[in-house]
Every structure is written in structure tokens, then in C-alpha cells.
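Source file: model-v6.cif. Holds: mmCIF, C-alpha atoms.
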data_protein
#
loop_
_atom_site.group_PDB
_atom_site.id
_atom_site.type_symbol
_atom_site.label_atom_id
_atom_site.label_comp_id
_atom_site.auth_asym_id
_atom_site.auth_seq_id
_atom_site.Cartn_x
_atom_site.Cartn_y
_atom_site.Cartn_z
ATOM 1 C CA VAL S 16 0.000 0.000 0.000
ATOM 2 C CA ALA S 17 1.436 3.328 -1.063
ATOM 3 C CA PRO S 18 1.765 6.002 1.614
ATOM 4 C CA ARG S 19 -0.851 8.732 1.440
ATOM 5 C CA PRO S 20 0.427 12.091 0.209
ATOM 6 C CA LEU S 21 0.564 15.533 1.687
ATOM 7 C CA VAL S 22 -1.240 17.758 -0.820
ATOM 8 C CA PHE S 23 -0.387 21.436 -1.199
ATOM 9 C CA VAL S 24 -3.209 23.873 -1.933
ATOM 10 C CA ALA S 25 -1.381 27.087 -2.802
ATOM 11 C CA LEU S 26 -3.347 30.211 -3.668
ATOM 12 C CA GLY S 27 -1.296 32.928 -5.375
ATOM 13 C CA ASP S 28 2.062 33.134 -7.127
ATOM 14 C CA GLN S 29 4.190 33.552 -3.992
ATOM 15 C CA ALA S 30 2.353 30.729 -2.246
ATOM 16 C CA GLU S 31 2.844 28.424 -5.245
ATOM 17 C CA THR S 32 6.584 29.109 -5.268
ATOM 18 C CA ILE S 33 6.881 28.376 -1.548
ATOM 19 C CA ALA S 34 4.753 25.225 -1.873
ATOM 20 C CA PHE S 35 6.802 23.988 -4.828
ATOM 21 C CA ASN S 36 10.071 24.448 -2.903
ATOM 22 C CA MET S 37 8.668 22.821 0.246
ATOM 23 C CA GLY S 38 7.349 19.946 -1.827
ATOM 24 C CA ASP S 39 10.791 19.323 -3.326
ATOM 25 C CA SER S 40 12.385 19.211 0.133
ATOM 26 C CA LEU S 41 9.738 16.824 1.435
ATOM 27 C CA ARG S 42 10.047 14.539 -1.604
ATOM 28 C CA GLN S 43 13.813 14.361 -1.100
ATOM 29 C CA ALA S 44 13.084 13.195 2.463
ATOM 30 C CA GLY S 45 10.867 10.421 1.081
ATOM 31 C CA ILE S 46 7.495 12.026 1.839
ATOM 32 C CA PRO S 47 4.920 11.728 -0.952
ATOM 33 C CA VAL S 48 3.725 15.152 -2.096
ATOM 34 C CA GLU S 49 1.143 16.341 -4.612
ATOM 35 C CA HIS S 50 0.128 19.838 -5.708
ATOM 36 C CA THR S 51 -3.184 21.281 -6.889
ATOM 37 C CA TYR S 52 -2.750 24.017 -9.463
ATOM 38 C CA SER S 53 -6.129 25.247 -10.620
ATOM 39 C CA GLY S 54 -9.622 26.026 -9.458
ATOM 40 C CA ASN S 55 -11.007 27.596 -6.327
ATOM 41 C CA ILE S 56 -10.210 26.192 -2.897
ATOM 42 C CA GLY S 57 -13.266 23.905 -2.968
ATOM 43 C CA LYS S 58 -12.188 22.273 -6.229
ATOM 44 C CA ARG S 59 -8.639 21.907 -4.947
ATOM 45 C CA MET S 60 -9.846 20.229 -1.747
ATOM 46 C CA LYS S 61 -11.930 17.801 -3.844
ATOM 47 C CA ARG S 62 -8.792 16.979 -5.811
ATOM 48 C CA ALA S 63 -6.960 16.330 -2.536
ATOM 49 C CA THR S 64 -9.748 13.910 -1.578
ATOM 50 C CA LYS S 65 -9.374 12.098 -4.921
ATOM 51 C CA LEU S 66 -5.624 11.818 -4.289
ATOM 52 C CA ASN S 67 -6.425 10.149 -0.927
ATOM 53 C CA ALA S 68 -4.502 12.834 0.956
ATOM 54 C CA LYS S 69 -3.628 12.295 4.592
ATOM 55 C CA TRP S 70 -2.734 15.972 5.054
ATOM 56 C CA VAL S 71 -3.503 19.128 3.122
ATOM 57 C CA ALA S 72 -1.156 22.098 3.453
ATOM 58 C CA ILE S 73 -2.945 25.354 2.621
ATOM 59 C CA LEU S 74 -0.906 28.400 1.667
ATOM 60 C CA GLY S 75 -2.483 31.721 0.787
ATOM 61 C CA ASP S 76 -1.572 35.389 1.020
ATOM 62 C CA GLU S 77 -2.096 35.503 4.794
ATOM 63 C CA GLU S 78 0.121 32.476 5.394
ATOM 64 C CA VAL S 79 2.830 33.859 3.098
ATOM 65 C CA LYS S 80 2.773 37.170 4.953
ATOM 66 C CA ASN S 81 2.964 35.460 8.374
ATOM 67 C CA GLY S 82 5.427 32.676 7.468
ATOM 68 C CA THR S 83 2.841 30.062 8.433
ATOM 69 C CA ILE S 84 0.956 27.237 6.789
ATOM 70 C CA THR S 85 -2.474 25.806 7.548
ATOM 71 C CA LEU S 86 -2.257 22.042 7.950
ATOM 72 C CA LYS S 87 -5.431 19.967 7.788
ATOM 73 C CA ASP S 88 -5.630 16.312 8.800
ATOM 74 C CA PHE S 89 -8.057 14.778 6.303
ATOM 75 C CA ASP S 90 -8.885 11.855 8.590
ATOM 76 C CA SER S 91 -9.842 13.762 11.734
ATOM 77 C CA GLY S 92 -10.734 17.107 10.139
ATOM 78 C CA ASP S 93 -8.440 18.863 12.627
ATOM 79 C CA GLN S 94 -6.776 21.966 11.269
ATOM 80 C CA LYS S 95 -3.962 24.030 12.732
ATOM 81 C CA VAL S 96 -1.727 26.899 11.723
ATOM 82 C CA ILE S 97 1.984 26.205 12.153
ATOM 83 C CA PRO S 98 5.245 27.911 11.140
ATOM 84 C CA GLN S 99 6.357 26.897 7.627
ATOM 85 C CA SER S 100 9.666 25.726 9.090
ATOM 86 C CA GLU S 101 7.859 22.948 11.007
ATOM 87 C CA VAL S 102 6.756 21.336 7.736
ATOM 88 C CA LEU S 103 10.301 20.876 6.426
ATOM 89 C CA PRO S 104 12.261 17.758 7.351
#

Could you render the structure from this file as C-alpha cells?
Amino acid sequence: VAPRPLVFVALGDQAETIAFNMGDSLRQAGIPVEHTYSGNIGKRMKRATKLNAKWVAILGDEEVKNGTITLKDFDSGDQKVIPQSEVLP
């Protein structure tokens, strides 16, 4: 059984750049990562569901400005805001 991915939902150019770089670092550490690139947040969350995501990392303008990321556990529904540095291996 393949491990379930962390899926990035990045909204905005800066957020997409940060998510892409974080995703590369996580992949190099052996963590499966996917990205959603188009549609509103609802469509992107549906895509994360189709990808069988364990976690969704949401990055928007507010998170970019604050150096944070919103991390949602797709199993429990719990969501928390953490520093971006805590996501990196």
C-alpha cells in the first residue's frame, strides 16, 4: 500500500513558489507530495480527496505574509496553523 500524500493547496504566485520548494524538500526526504494548481479552494480540496490525501497544506496570502501554513488532517478534520519551518524535514 502506497503512503498517502501531503497535498499542497497554494493560492497565489508567492504561495505556489513556496509550496513547490517545500514539496521538493519533502520529496527528497521520502514524503509523498502532490500539488493542486487550478480552481477555487473547494475544487482543490476535492482533488486532494481524490488523491487520498492524509494531510492538506494550505498556503495563501495571509500564510505567506505570516510565514505560516495551515495544515489539515483529512482523517480527523483537525486543522492548525503552524510555522512553515515545522513542515520541512

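Around Val71 in chain S, within 8 Å and counting only C-alpha atoms, the residues found are Leu21, Val22, Phe23, Val24, Ala63, Leu86, Lys87, Asp88 and Phe89 of chain S, once anything fewer than 5 positions away on its own chain is removed.
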
Using the chain letters and numbers from this file, what does the PyMOL selection byres ((chain S and resi 44-46) around 8) select? Give the answer as a JSON list (two decimals) with C-alpha atoms, in the coordinates of the input.
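The resulting out.json:
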[["chain", "number", "residue", "atom", "x", "y", "z"],
["S", 20, "PRO", "CA", 0.43, 12.09, 0.21],
["S", 21, "LEU", "CA", 0.56, 15.53, 1.69],
["S", 40, "SER", "CA", 12.38, 19.21, 0.13],
["S", 41, "LEU", "CA", 9.74, 16.82, 1.44],
["S", 42, "ARG", "CA", 10.05, 14.54, -1.60],
["S", 43, "GLN", "CA", 13.81, 14.36, -1.10],
["S", 47, "PRO", "CA", 4.92, 11.73, -0.95],
["S", 48, "VAL", "CA", 3.72, 15.15, -2.10],
["S", 104, "PRO", "CA", 12.26, 17.76, 7.35]]

Open item on the list: Residue by residue, what does the PyMOL selection byres ((chain S and resi 99) around 12) grab here? Present the result as number ranges by chain.
Closed with: S: 30, 33-34, 36-38, 72-74, 78-86, 95-98, 100-104

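Atom pair CA of Gln94 in chain S / CA of Ser53 in chain S: separated by 22.1 Å.
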
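Applied to the shown file, the PyMOL selection byres ((chain S and resi 90) around 10) selects the residues Asn67, Ala68, Lys69, Trp70, Lys87, Asp88, Phe89, Ser91, Gly92 and Asp93 of chain S.
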
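Coordinates place CA of Gly27 in chain S at a distance of 6.4 Å from CA of Gly75 in chain S.
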
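Here CA of Leu26 in chain S stands at a distance of 7.2 Å from CA of Asp76 in chain S.
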
Enclose range 66-75 of chain S, meaning all of its atoms listed in the file, in a box aligned along x, y and z, pad it by 8 Å on each side, and list the centre and edge lengths in Å to one decimal, as AutoDock Vina command-line options.
--center_x -3.7 --center_y 20.9 --center_z 0.4 --size_x 21.5 --size_y 37.6 --size_z 25.3
